[in-house]
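A.B. asks: My structure is in protein.cif, and what it holds is mmCIF, C-alpha atoms:
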```
data_start
loop_
_atom_site.label_atom_id
_atom_site.label_comp_id
_atom_site.auth_asym_id
_atom_site.auth_seq_id
_atom_site.Cartn_x
_atom_site.Cartn_y
_atom_site.Cartn_z
CA ALA A 197 -3.78 -51.68 -20.70
CA LYS A 198 -3.28 -49.90 -24.02
CA LEU A 199 -5.07 -46.78 -22.70
CA LYS A 200 -2.90 -46.84 -19.55
CA SER A 201 0.21 -47.15 -21.71
CA ASN A 202 -0.88 -44.18 -23.85
CA ILE A 203 -1.52 -42.05 -20.75
CA MET A 204 1.91 -42.90 -19.31
CA SER A 205 3.54 -42.13 -22.64
CA SER A 206 1.73 -38.80 -22.85
CA SER A 207 2.77 -37.94 -19.30
CA GLN A 208 6.40 -38.76 -20.07
CA ASP A 209 6.29 -36.65 -23.24
CA GLU A 210 4.87 -33.72 -21.26
CA ALA A 211 7.58 -34.04 -18.59
CA LYS A 212 10.23 -34.15 -21.35
CA MET A 213 8.70 -31.01 -22.89
CA TYR A 214 9.06 -29.09 -19.61
CA GLU A 215 12.62 -30.35 -19.15
CA ASP A 216 13.47 -29.13 -22.66
CA LEU A 217 11.89 -25.77 -21.85
CA VAL A 218 14.12 -25.43 -18.78
CA GLY A 219 17.06 -26.28 -21.03
CA PHE A 220 16.20 -23.41 -23.38
CA LEU A 221 16.19 -21.05 -20.37
CA LYS A 222 19.91 -21.80 -20.00
CA ALA A 223 20.69 -20.97 -23.64
CA ASP A 224 23.38 -18.41 -24.46
CA ARG A 225 21.23 -16.76 -27.11
CA THR A 226 19.01 -13.99 -25.73
CA ASP A 227 16.19 -14.62 -28.23
CA LEU A 228 15.94 -18.27 -27.16
CA ARG A 229 15.84 -17.30 -23.47
CA VAL A 230 13.15 -14.69 -24.07
CA ALA A 231 11.06 -17.18 -26.09
CA ALA A 232 11.45 -19.79 -23.32
CA ILE A 233 10.42 -17.32 -20.61
CA ASP A 234 7.40 -16.29 -22.68
CA ALA A 235 6.48 -19.99 -22.87
CA VAL A 236 6.69 -20.20 -19.05
CA LEU A 237 4.39 -17.17 -18.75
CA ALA A 238 1.94 -18.85 -21.12
CA VAL A 239 1.46 -21.77 -18.70
CA LYS A 240 -1.69 -20.86 -16.75
CA GLU A 241 -2.92 -24.19 -15.38
CA SER A 242 -1.88 -25.23 -11.86
CA ASP A 243 -0.86 -28.70 -13.08
CA GLY A 244 1.43 -27.26 -15.74
CA MET A 245 3.02 -24.85 -13.25
CA ALA A 246 3.61 -27.72 -10.82
CA LYS A 247 5.39 -29.73 -13.53
CA LEU A 248 7.53 -26.74 -14.48
CA ILE A 249 8.59 -26.32 -10.85
CA GLN A 250 9.34 -30.04 -10.59
CA ALA A 251 11.50 -29.73 -13.72
CA GLY A 252 13.70 -27.21 -11.86
CA VAL A 253 12.62 -23.97 -13.51
CA VAL A 254 12.90 -21.79 -10.36
CA PRO A 255 16.70 -21.90 -9.80
CA VAL A 256 17.31 -21.24 -13.50
CA LEU A 257 15.01 -18.22 -13.51
CA ILE A 258 16.62 -16.85 -10.33
CA LYS A 259 20.01 -16.87 -12.08
CA SER A 260 18.46 -14.96 -14.99
CA CYS A 261 17.02 -12.18 -12.80
CA SER A 262 20.21 -10.12 -12.86
CA HIS A 263 20.64 -10.40 -16.65
CA PRO A 264 20.07 -7.32 -18.83
CA ASP A 265 16.53 -6.73 -20.03
CA PRO A 266 14.40 -8.10 -21.50
CA VAL A 267 15.64 -11.39 -19.94
CA GLY A 268 15.95 -10.03 -16.39
CA VAL A 269 12.54 -8.43 -16.03
CA LYS A 270 10.79 -11.32 -17.79
CA ALA A 271 12.50 -13.81 -15.45
CA LEU A 272 11.21 -11.84 -12.45
CA GLN A 273 7.74 -11.70 -13.97
CA SER A 274 7.80 -15.49 -14.52
CA LEU A 275 8.82 -16.15 -10.92
CA PHE A 276 6.05 -13.86 -9.69
CA HIS A 277 3.62 -15.72 -11.99
CA LEU A 278 4.66 -19.14 -10.61
CA SER A 279 4.72 -18.07 -6.94
CA SER A 280 1.27 -16.45 -7.22
CA ASN A 281 -0.35 -19.75 -8.20
CA SER A 282 -2.92 -20.69 -5.58
CA GLY A 283 -2.40 -24.40 -6.19
CA SER A 284 -0.33 -26.87 -4.19
CA SER A 285 2.82 -25.96 -6.15
CA GLN A 286 3.03 -22.47 -4.60
CA ALA A 287 4.68 -23.71 -1.40
CA GLN A 288 7.23 -25.72 -3.40
CA CYS A 289 7.97 -22.71 -5.57
CA ILE A 290 8.65 -20.57 -2.48
CA GLU A 291 10.87 -23.31 -1.02
CA ASP A 292 12.83 -23.45 -4.27
CA LEU A 293 13.16 -19.64 -4.24
CA LEU A 294 14.61 -19.71 -0.73
CA GLU A 295 16.96 -22.59 -1.51
CA ALA A 296 18.18 -20.78 -4.65
CA GLY A 297 19.18 -17.70 -2.64
CA ALA A 298 16.37 -15.49 -3.91
CA MET A 299 16.37 -13.30 -0.80
CA SER A 300 19.84 -11.86 -1.39
CA ARG A 301 19.33 -11.40 -5.12
CA LEU A 302 15.91 -9.76 -4.77
CA THR A 303 17.03 -7.44 -1.98
CA GLU A 304 19.99 -6.36 -4.10
CA ILE A 305 17.66 -5.55 -7.01
CA CYS A 306 15.18 -3.71 -4.74
CA LEU A 307 17.93 -1.47 -3.38
CA SER A 308 19.56 -0.75 -6.74
CA SER A 309 19.91 2.88 -7.82
CA PRO A 310 17.41 4.25 -10.36
CA PRO A 311 18.84 5.23 -13.77
CA SER A 312 18.81 8.84 -14.93
CA ASN A 313 16.90 8.56 -18.24
CA ASP A 314 13.15 7.90 -18.48
CA LYS A 315 13.33 4.84 -20.75
CA GLU A 316 15.72 2.96 -18.48
CA GLY A 317 13.81 4.29 -15.48
CA ASP A 318 10.61 2.63 -16.68
CA ARG A 319 12.40 -0.73 -17.04
CA TRP A 320 13.97 -0.28 -13.60
CA LYS A 321 10.53 0.29 -12.06
CA LYS A 322 9.26 -2.94 -13.64
CA ARG A 323 12.19 -4.84 -12.11
CA ILE A 324 11.59 -3.29 -8.69
CA ASN A 325 7.84 -3.94 -8.82
CA PHE A 326 8.22 -7.64 -9.59
CA SER A 327 11.12 -8.04 -7.11
CA VAL A 328 9.15 -6.55 -4.21
CA ALA A 329 6.06 -8.54 -5.25
CA LEU A 330 8.20 -11.70 -5.13
CA LEU A 331 9.36 -10.81 -1.61
CA ALA A 332 5.69 -10.42 -0.67
CA ASN A 333 4.88 -13.87 -2.09
CA ILE A 334 7.84 -15.43 -0.29
CA THR A 335 6.61 -14.08 3.05
CA ARG A 336 3.25 -15.77 2.64
CA THR A 337 4.70 -18.94 4.16
CA GLU A 338 5.97 -19.27 7.72
CA ARG A 339 9.50 -20.09 6.60
CA GLY A 340 9.46 -17.17 4.17
CA SER A 341 8.43 -14.72 6.90
CA VAL A 342 11.15 -16.06 9.19
CA GLU A 343 13.73 -15.76 6.41
CA VAL A 344 12.78 -12.14 5.68
CA VAL A 345 12.93 -11.17 9.34
CA GLY A 346 16.13 -13.15 9.84
CA ARG A 347 17.93 -11.60 6.89
CA LEU A 348 16.62 -8.05 7.04
CA LEU A 349 16.34 -7.73 10.82
CA PRO A 350 19.25 -9.81 12.22
CA ASP A 351 19.21 -8.08 15.63
CA GLN A 352 15.64 -9.34 16.15
CA ALA A 353 15.86 -12.53 14.09
CA VAL A 354 13.71 -15.49 14.98
CA ARG A 355 16.63 -17.78 14.16
CA GLU A 356 20.17 -17.53 12.84
CA VAL A 357 20.30 -16.96 9.10
CA GLU A 358 23.51 -16.67 7.14
CA VAL A 359 23.64 -13.47 5.10
CA GLU A 360 25.61 -13.01 1.90
CA ASN A 361 26.36 -9.89 -0.17
CA VAL A 362 23.69 -7.79 1.57
CA ASN A 363 23.92 -5.43 4.50
CA PRO A 364 20.87 -6.86 6.29
CA LYS A 365 20.95 -4.53 9.26
CA ALA A 366 19.95 -1.63 7.01
CA SER A 367 17.90 -3.48 4.39
CA MET A 368 14.45 -3.33 6.00
CA GLU A 369 14.82 0.34 6.95
CA LEU A 370 16.14 1.22 3.49
CA LEU A 371 13.24 -0.56 1.81
CA LEU A 372 10.81 1.15 4.18
CA SER A 373 12.27 4.57 3.41
CA ARG A 374 11.84 3.91 -0.34
CA PHE A 375 8.29 2.68 0.24
CA LEU A 376 7.45 5.94 2.05
CA SER A 377 9.22 8.19 -0.47
CA ASP A 378 7.25 9.89 -3.26
CA LYS A 379 10.23 10.27 -5.57
CA PHE A 380 9.94 6.71 -6.89
CA ILE A 381 6.22 7.07 -7.72
CA ALA A 382 5.02 8.34 -11.09
CA ASP A 383 3.40 11.81 -11.05
CA GLU A 384 0.05 10.54 -12.33
CA VAL A 385 -0.23 8.25 -9.29
CA LEU A 386 0.35 11.15 -6.89
CA ILE A 387 -2.29 13.43 -8.44
CA GLU A 388 -5.12 13.83 -5.97
CA ASN A 389 -8.50 12.47 -7.11
CA ASN A 390 -6.89 10.57 -9.99
CA GLU A 391 -9.66 7.99 -10.35
CA ASN A 392 -7.92 6.34 -13.29
CA TYR A 393 -5.36 4.87 -10.91
CA GLU A 394 -7.99 2.88 -8.99
CA LEU A 395 -7.52 -0.44 -10.80
CA GLU A 396 -10.34 -2.97 -10.57
CA ASP A 397 -8.47 -6.19 -11.28
CA ASP A 398 -5.85 -7.62 -8.89
CA ALA A 399 -3.66 -8.65 -11.83
CA ASP A 400 -3.68 -5.05 -13.10
CA ARG A 401 -2.65 -3.78 -9.67
CA ASP A 402 0.18 -6.32 -9.39
CA SER A 403 1.67 -5.51 -12.78
CA CYS A 404 1.29 -1.71 -12.49
CA HIS A 405 4.86 -0.50 -11.99
CA GLN A 406 4.20 3.24 -11.65
CA ASP A 407 4.42 2.70 -7.88
CA PRO A 408 7.28 0.16 -7.81
CA TYR A 409 7.50 -0.29 -4.01
CA GLN A 410 3.73 -0.75 -3.51
CA HIS A 411 4.04 -4.45 -2.61
CA PHE A 412 6.32 -3.67 0.33
CA ALA A 413 3.06 -3.08 2.22
CA ALA A 414 2.34 -6.81 1.83
CA VAL A 415 5.90 -7.65 2.96
CA LEU A 416 5.28 -5.63 6.13
CA MET A 417 1.90 -7.30 6.67
CA ASN A 418 3.32 -10.80 6.28
CA SER A 419 6.51 -10.21 8.29
CA SER A 420 4.52 -8.58 11.13
CA GLN A 421 2.91 -11.97 11.70
CA THR A 422 6.17 -12.79 13.51
CA GLU A 423 6.99 -11.27 16.88
CA ALA A 424 10.30 -9.89 15.60
CA GLY A 425 8.56 -8.17 12.69
CA ARG A 426 6.14 -6.45 15.07
CA LYS A 427 9.00 -5.38 17.34
CA PHE A 428 10.67 -3.68 14.38
CA LEU A 429 7.53 -1.67 13.62
CA LEU A 430 6.84 -0.79 17.25
CA ARG A 431 10.40 0.01 18.30
CA LEU A 432 10.44 3.53 19.73
CA GLN A 433 12.81 6.03 18.16
CA HIS A 434 13.95 8.86 20.40
CA CYS A 435 14.95 12.20 18.85
CA LYS A 436 16.22 15.04 21.00
CA GLY A 437 13.61 17.77 21.28
CA SER A 438 10.89 15.65 19.58
CA PRO A 439 8.37 13.17 20.98
CA SER A 440 9.19 9.47 20.63
CA THR A 441 7.80 7.78 17.56
CA CYS A 442 7.87 4.38 15.84
CA MET A 443 7.82 2.89 12.35
CA LEU A 444 4.12 2.10 12.58
CA GLU A 445 3.28 5.78 13.03
CA SER A 446 4.99 6.65 9.75
CA LEU A 447 2.85 4.01 7.97
CA LEU A 448 -0.55 5.30 9.11
CA PRO A 449 -0.92 7.97 6.34
CA GLU A 450 -0.75 5.13 3.79
CA LEU A 451 -4.32 4.22 4.79
CA ARG A 452 -5.32 7.24 2.67
CA SER A 453 -3.11 6.33 -0.30
CA LYS A 454 -4.63 6.29 -3.79
CA ASN A 455 -3.11 2.83 -4.19
CA SER A 456 -5.32 0.04 -2.83
CA VAL A 457 -2.32 -2.33 -2.65
CA ARG A 458 -0.72 0.01 -0.12
CA ARG A 459 -3.94 0.50 1.84
CA ARG A 460 -4.64 -3.22 2.06
CA GLY A 461 -1.12 -4.11 3.19
CA ILE A 462 -0.94 -1.40 5.85
CA ALA A 463 -4.41 -2.29 7.16
CA GLY A 464 -3.19 -5.88 7.58
CA THR A 465 -0.01 -4.65 9.26
CA ILE A 466 -2.05 -2.64 11.78
CA LYS A 467 -4.18 -5.69 12.53
CA ASN A 468 -1.07 -7.78 13.24
CA CYS A 469 0.41 -5.06 15.48
CA CYS A 470 -2.81 -5.05 17.52
CA LEU A 471 -1.84 -8.57 18.64
CA GLU A 472 0.74 -6.88 20.89
CA THR A 473 -1.56 -6.41 23.88
CA ASP A 474 1.19 -4.71 25.92
CA SER A 475 1.19 -1.85 23.40
CA VAL A 476 -2.59 -1.28 23.21
CA TRP A 477 -2.63 1.59 25.74
CA TRP A 478 0.07 3.36 23.72
CA PHE A 479 -1.86 2.72 20.47
CA LEU A 480 -5.03 4.29 21.83
CA ASN A 481 -3.70 7.12 24.00
CA GLU A 482 -0.41 8.20 22.42
CA LEU A 483 -0.66 7.12 18.79
CA SER A 484 -4.40 7.90 18.42
CA LEU A 485 -4.60 4.76 16.30
CA ILE A 486 -8.38 4.49 16.42
CA LYS A 487 -9.01 7.67 14.38
CA HIS A 488 -6.71 6.34 11.63
CA ILE A 489 -8.60 3.02 11.65
CA LEU A 490 -12.02 4.66 11.60
CA TYR A 491 -11.36 7.14 8.78
CA PRO A 492 -11.38 4.53 5.94
CA LEU A 493 -14.46 2.88 7.47
CA ALA A 494 -16.45 6.14 7.69
CA GLY A 495 -18.91 6.77 4.86
CA PRO A 496 -21.07 9.61 3.50
CA GLU A 497 -23.98 8.93 5.86
CA GLU A 498 -25.30 12.05 7.59
CA LEU A 499 -24.85 12.09 11.37
CA GLU A 500 -26.97 13.79 13.99
CA ILE A 501 -25.40 16.46 16.19
CA ASP A 502 -25.47 14.14 19.20
CA GLU A 503 -23.66 11.46 17.18
CA LYS A 504 -20.89 13.90 16.26
CA ARG A 505 -20.08 14.75 19.89
CA GLY A 506 -16.78 13.12 20.85
CA LEU A 507 -16.20 11.91 17.30
CA ASP A 508 -13.04 13.03 15.55
CA PRO A 509 -14.04 15.86 13.12
CA ASP A 510 -12.09 14.25 10.25
CA LEU A 511 -14.65 11.45 10.27
CA TRP A 512 -17.64 13.70 9.42
CA LEU A 513 -16.35 17.03 8.04
CA GLU A 514 -16.33 15.77 4.43
CA GLY A 515 -20.06 15.08 4.66
CA PRO A 516 -21.64 13.44 1.57
CA ASP A 517 -18.27 13.61 -0.29
CA LYS A 518 -16.66 11.13 2.12
CA LYS A 519 -15.92 7.81 0.43
CA ARG A 520 -15.72 4.56 2.37
CA GLU A 521 -12.72 2.27 1.73
CA PRO A 522 -13.66 0.31 -1.44
CA ASP A 523 -11.26 -2.62 -0.88
CA HIS A 524 -13.09 -5.27 1.13
CA TYR A 525 -9.87 -6.85 2.43
CA ALA A 526 -8.70 -3.51 3.83
CA ARG A 527 -12.08 -2.99 5.50
CA LEU A 528 -11.94 -6.49 6.97
CA TYR A 529 -8.45 -5.99 8.42
CA LEU A 530 -9.45 -2.67 9.98
CA VAL A 531 -12.59 -4.13 11.58
CA GLU A 532 -10.51 -7.04 12.89
CA SER A 533 -8.10 -4.47 14.37
CA ILE A 534 -10.97 -2.92 16.32
CA LEU A 535 -12.03 -6.35 17.56
CA LEU A 536 -8.49 -7.07 18.76
CA LEU A 537 -8.39 -3.74 20.58
CA CYS A 538 -11.75 -4.54 22.20
CA ALA A 539 -10.46 -7.94 23.30
CA SER A 540 -7.44 -6.41 25.03
CA GLY A 541 -9.38 -5.32 28.10
CA ARG A 542 -12.13 -3.23 29.70
CA LYS A 543 -10.11 0.03 29.69
CA SER A 544 -9.49 -0.33 25.97
CA ARG A 545 -13.21 -0.78 25.33
CA GLN A 546 -13.91 2.29 27.46
CA THR A 547 -11.44 4.36 25.38
CA LEU A 548 -13.06 3.11 22.17
CA ARG A 549 -16.48 4.02 23.52
CA LEU A 550 -15.31 7.54 24.39
CA ALA A 551 -13.98 7.91 20.83
CA ARG A 552 -17.52 7.06 19.61
CA THR A 553 -16.16 4.05 17.73
CA TYR A 554 -19.53 2.29 17.89
CA ILE A 555 -21.28 5.13 16.03
#
```
Do you think you could lay out the structure here as structure tokens?

C.D. replies:
Amino acid sequence: AKLKSNIMSSSQDEAKMYEDLVGFLKADRTDLRVAAIDAVLAVKESDGMAKLIQAGVVPVLIKSCSHPDPVGVKALQSLFHLSSNSGSSQAQCIEDLLEAGAMSRLTEICLSSPPSNDKEGDRWKKRINFSVALLANITRTERGSVEVVGRLLPDQAVREVEVENVNPKASMELLLSRFLSDKFIADEVLIENNENYELEDDADRDSCHQDPYQHFAAVLMNSSQTEAGRKFLLRLQHCKGSPSTCMLESLLPELRSKNSVRRRGIAGTIKNCCLETDSVWWFLNELSLIKHILYPLAGPEELEIDEKRGLDPDLWLEGPDKKREPDHYARLYLVESILLLCASGRKSRQTLRLARTYI
């Protein structure tokens, strides 16, 4: 009985400690807020994160996101830290984010204008990186994906979602245009054959802000799990004097990006789009999707002349210098894309065979 009493007392003390920590996050003094956020970042165990979330830390941190740095960027980093937890508290964290109006606040930050000087620009990139990464974490759940599609694509929304302070009709396209633009990416990331940018650890990739919109690839992958998200990517755009195109076509070059976060997300997006069986003929015959899928999977192995016949030259011209996609998740998504194309029908399999996919 005494041991049980001690355990209960310890548990109550721990809960009180987390409640006090949340209280410090509301302090007027910047130094106290920064110290409190650093304490949140120091909590690594799933149980401690769960207790922090139960204490109401998420809504308080969301309100701090728009504060001047260092409070703002550290608050975003803390929310990313809590929502990345693989434990049972992740779903509750995402629910709290949605209830606290995170979508509007994060979209506003993601679409903010970059400052002119380099020092402020570096801080701005950190904010953007964590904000987009948070959007990616939010879309991991079904409700999160629906919310993103509902707010950013209202014309194709799965359900009615009230929108505040954001022009949602343009948000997804604006974010996509920034994702595809080189002007927000640091020069060292764009340098061809820059092997130093290939980061080994996932945590290093997530926190690297030199490519601030990198995590939008994961947002696209997660949101394309919904029918409305796929319709956005596959919607044909007609330009006078030019062939019709779609959003997915503009994403295909990202499979050759130096950034593995981009490659992985776009590979997953392609896999999800292959679920649209009505579009498979267009994928294979108009979009030439299979050559884009096969390029990352091709390696340095030498091919016989007979094996090269019918095979796209890009897949073998590099010879022994050709490098196969190193990210195993990206490879998995691309192979699953081929399987989905095969499952769509006999004519699809015949087209894949003619493209020498099985080589």

A.B. asks: Using the chain letters and numbers from the file, which residues does the PyMOL selection byres ((chain A and resi 442-452) around 9) grab, as a compact mmCIF listing (two decimals) with C-alpha atoms, keeping the file's coordinate frame?

C.D. replies:
```
# COMPACT_ATOMS: atom_id res chain seq x y z
CA LEU A 372 10.81 1.15 4.18
CA LEU A 376 7.45 5.94 2.05
CA PHE A 428 10.67 -3.68 14.38
CA LEU A 429 7.53 -1.67 13.62
CA LEU A 430 6.84 -0.79 17.25
CA ARG A 431 10.40 0.01 18.30
CA LEU A 432 10.44 3.53 19.73
CA GLN A 433 12.81 6.03 18.16
CA HIS A 434 13.95 8.86 20.40
CA SER A 440 9.19 9.47 20.63
CA THR A 441 7.80 7.78 17.56
CA SER A 453 -3.11 6.33 -0.30
CA LYS A 454 -4.63 6.29 -3.79
CA ASN A 455 -3.11 2.83 -4.19
CA SER A 456 -5.32 0.04 -2.83
CA ARG A 458 -0.72 0.01 -0.12
CA ARG A 459 -3.94 0.50 1.84
CA ARG A 460 -4.64 -3.22 2.06
CA ILE A 462 -0.94 -1.40 5.85
CA ALA A 463 -4.41 -2.29 7.16
CA THR A 465 -0.01 -4.65 9.26
CA ILE A 466 -2.05 -2.64 11.78
CA CYS A 469 0.41 -5.06 15.48
CA LEU A 483 -0.66 7.12 18.79
CA LEU A 485 -4.60 4.76 16.30
CA HIS A 488 -6.71 6.34 11.63
CA ILE A 489 -8.60 3.02 11.65
CA TYR A 491 -11.36 7.14 8.78
CA PRO A 492 -11.38 4.53 5.94
CA GLU A 521 -12.72 2.27 1.73
CA ALA A 526 -8.70 -3.51 3.83
```

A.B. asks: Run the PyMOL selection byres ((chain A and resi 299) around 9) on the file and write out the hits as a list of chain:residue names.

C.D. replies: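 Here the PyMOL selection byres ((chain A and resi 299) around 9) matches A:Leu293, A:Leu294, A:Ala296, A:Gly297, A:Ala298, A:Ser300, A:Arg301, A:Leu302, A:Thr303, A:Glu304, A:Leu331, A:Ile334, A:Glu343, A:Val344, A:Arg347.
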
A.B. asks: Determine the residue set returned by the PyMOL selection byres ((chain A and resi 373) around 12) for the present structure, and present it as a list in words.

C.D. replies: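 What the PyMOL selection byres ((chain A and resi 373) around 12) grabs from the file is Cys306, Leu307, Ala366, Ser367, Met368, Glu369, Leu370, Leu371, Leu372, Arg374, Phe375, Leu376, Ser377, Asp378, Lys379, Phe380, Tyr409, Phe412, Met443, Ser446 and Leu447 of chain A.
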
A.B. asks: Give me the residues within 8 Å of Pro311 of chain A as a count of residues only, counting all atoms listed in the file and dropping any in the same chain fewer than 4 places off.

C.D. replies: 3

A.B. asks: Could you pull the residues within 8 Å of Val230 of chain A, counting only C-alpha atoms, minus those fewer than 3 positions along the same chain, as a list in words?

C.D. replies: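 Counting only the stated atoms, we get Leu221, Thr226, Asp227, Ile233, Asp234, Pro266, Val267 and Lys270 of chain A.
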
A.B. asks: Calculated over only C-alpha atoms, which of the candidates A:Trp477, A:Leu528, A:Gly515, A:Ile305 has the smallest distance to Arg545 of chain A?

C.D. replies: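 Of all the options, A:Trp477 lies closest to Arg545 of chain A.
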
A.B. asks: In the coordinate frame of the file, compute which residues have an atom within 8 Å of (4.0, -3.2, -7.8) when using all atoms listed in the file, and state them as a list in words.

C.D. replies: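 Within the cut-off we find Lys322, Ile324, Asn325, Phe326, Val328, Ala329, Arg401, Asp402, Ser403, Cys404, His405, Gln406, Asp407, Pro408, Tyr409, Gln410 and His411 of chain A.
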
A.B. asks: Complete segment 236-252 of chain A at the level of N, CA, C and O atoms, written as an mmCIF file, in the coordinates of the input.

C.D. replies:
```cif
data_model
loop_
_atom_site.group_PDB
_atom_site.id
_atom_site.type_symbol
_atom_site.label_atom_id
_atom_site.label_comp_id
_atom_site.auth_asym_id
_atom_site.auth_seq_id
_atom_site.Cartn_x
_atom_site.Cartn_y
_atom_site.Cartn_z
ATOM 1 N N VAL A 236 6.992 -19.991 -20.480
ATOM 2 C CA VAL A 236 6.690 -20.200 -19.050
ATOM 3 C C VAL A 236 5.498 -19.340 -18.637
ATOM 4 O O VAL A 236 4.587 -19.802 -17.945
ATOM 5 N N LEU A 237 5.495 -18.076 -19.080
ATOM 6 C CA LEU A 237 4.390 -17.170 -18.750
ATOM 7 C C LEU A 237 3.072 -17.631 -19.356
ATOM 8 O O LEU A 237 1.998 -17.302 -18.838
ATOM 9 N N ALA A 238 3.154 -18.380 -20.441
ATOM 10 C CA ALA A 238 1.940 -18.850 -21.120
ATOM 11 C C ALA A 238 1.288 -20.025 -20.390
ATOM 12 O O ALA A 238 0.130 -20.368 -20.669
ATOM 13 N N VAL A 239 2.014 -20.646 -19.469
ATOM 14 C CA VAL A 239 1.460 -21.770 -18.700
ATOM 15 C C VAL A 239 0.578 -21.214 -17.595
ATOM 16 O O VAL A 239 1.058 -20.596 -16.645
ATOM 17 N N LYS A 240 -0.722 -21.430 -17.697
ATOM 18 C CA LYS A 240 -1.690 -20.860 -16.750
ATOM 19 C C LYS A 240 -2.259 -21.903 -15.789
ATOM 20 O O LYS A 240 -2.685 -21.568 -14.679
ATOM 21 N N GLU A 241 -2.299 -23.171 -16.200
ATOM 22 C CA GLU A 241 -2.920 -24.190 -15.380
ATOM 23 C C GLU A 241 -2.021 -24.573 -14.208
ATOM 24 O O GLU A 241 -0.798 -24.610 -14.334
ATOM 25 N N SER A 242 -2.633 -24.862 -13.070
ATOM 26 C CA SER A 242 -1.880 -25.230 -11.860
ATOM 27 C C SER A 242 -1.036 -26.482 -12.080
ATOM 28 O O SER A 242 0.101 -26.567 -11.606
ATOM 29 N N ASP A 243 -1.583 -27.451 -12.834
ATOM 30 C CA ASP A 243 -0.860 -28.700 -13.080
ATOM 31 C C ASP A 243 0.397 -28.433 -13.899
ATOM 32 O O ASP A 243 1.469 -28.972 -13.614
ATOM 33 N N GLY A 244 0.276 -27.581 -14.911
ATOM 34 C CA GLY A 244 1.430 -27.260 -15.740
ATOM 35 C C GLY A 244 2.497 -26.501 -14.955
ATOM 36 O O GLY A 244 3.703 -26.754 -15.103
ATOM 37 N N MET A 245 2.071 -25.574 -14.088
ATOM 38 C CA MET A 245 3.020 -24.850 -13.250
ATOM 39 C C MET A 245 3.763 -25.796 -12.309
ATOM 40 O O MET A 245 4.973 -25.671 -12.100
ATOM 41 N N ALA A 246 3.004 -26.750 -11.740
ATOM 42 C CA ALA A 246 3.610 -27.720 -10.820
ATOM 43 C C ALA A 246 4.695 -28.549 -11.533
ATOM 44 O O ALA A 246 5.772 -28.793 -10.973
ATOM 45 N N LYS A 247 4.420 -28.937 -12.780
ATOM 46 C CA LYS A 247 5.390 -29.730 -13.530
ATOM 47 C C LYS A 247 6.615 -28.899 -13.914
ATOM 48 O O LYS A 247 7.739 -29.414 -13.942
ATOM 49 N N LEU A 248 6.397 -27.635 -14.200
ATOM 50 C CA LEU A 248 7.530 -26.740 -14.480
ATOM 51 C C LEU A 248 8.434 -26.611 -13.262
ATOM 52 O O LEU A 248 9.663 -26.665 -13.366
ATOM 53 N N ILE A 249 7.817 -26.449 -12.100
ATOM 54 C CA ILE A 249 8.590 -26.320 -10.850
ATOM 55 C C ILE A 249 9.339 -27.607 -10.557
ATOM 56 O O ILE A 249 10.511 -27.584 -10.150
ATOM 57 N N GLN A 250 8.687 -28.743 -10.792
ATOM 58 C CA GLN A 250 9.340 -30.040 -10.590
ATOM 59 C C GLN A 250 10.524 -30.224 -11.548
ATOM 60 O O GLN A 250 11.509 -30.879 -11.217
ATOM 61 N N ALA A 251 10.422 -29.623 -12.732
ATOM 62 C CA ALA A 251 11.500 -29.730 -13.720
ATOM 63 C C ALA A 251 12.698 -28.846 -13.376
ATOM 64 O O ALA A 251 13.711 -28.865 -14.076
ATOM 65 N N GLY A 252 12.575 -28.032 -12.311
ATOM 66 C CA GLY A 252 13.700 -27.210 -11.860
ATOM 67 C C GLY A 252 13.780 -25.837 -12.500
ATOM 68 O O GLY A 252 14.871 -25.284 -12.665
#
```
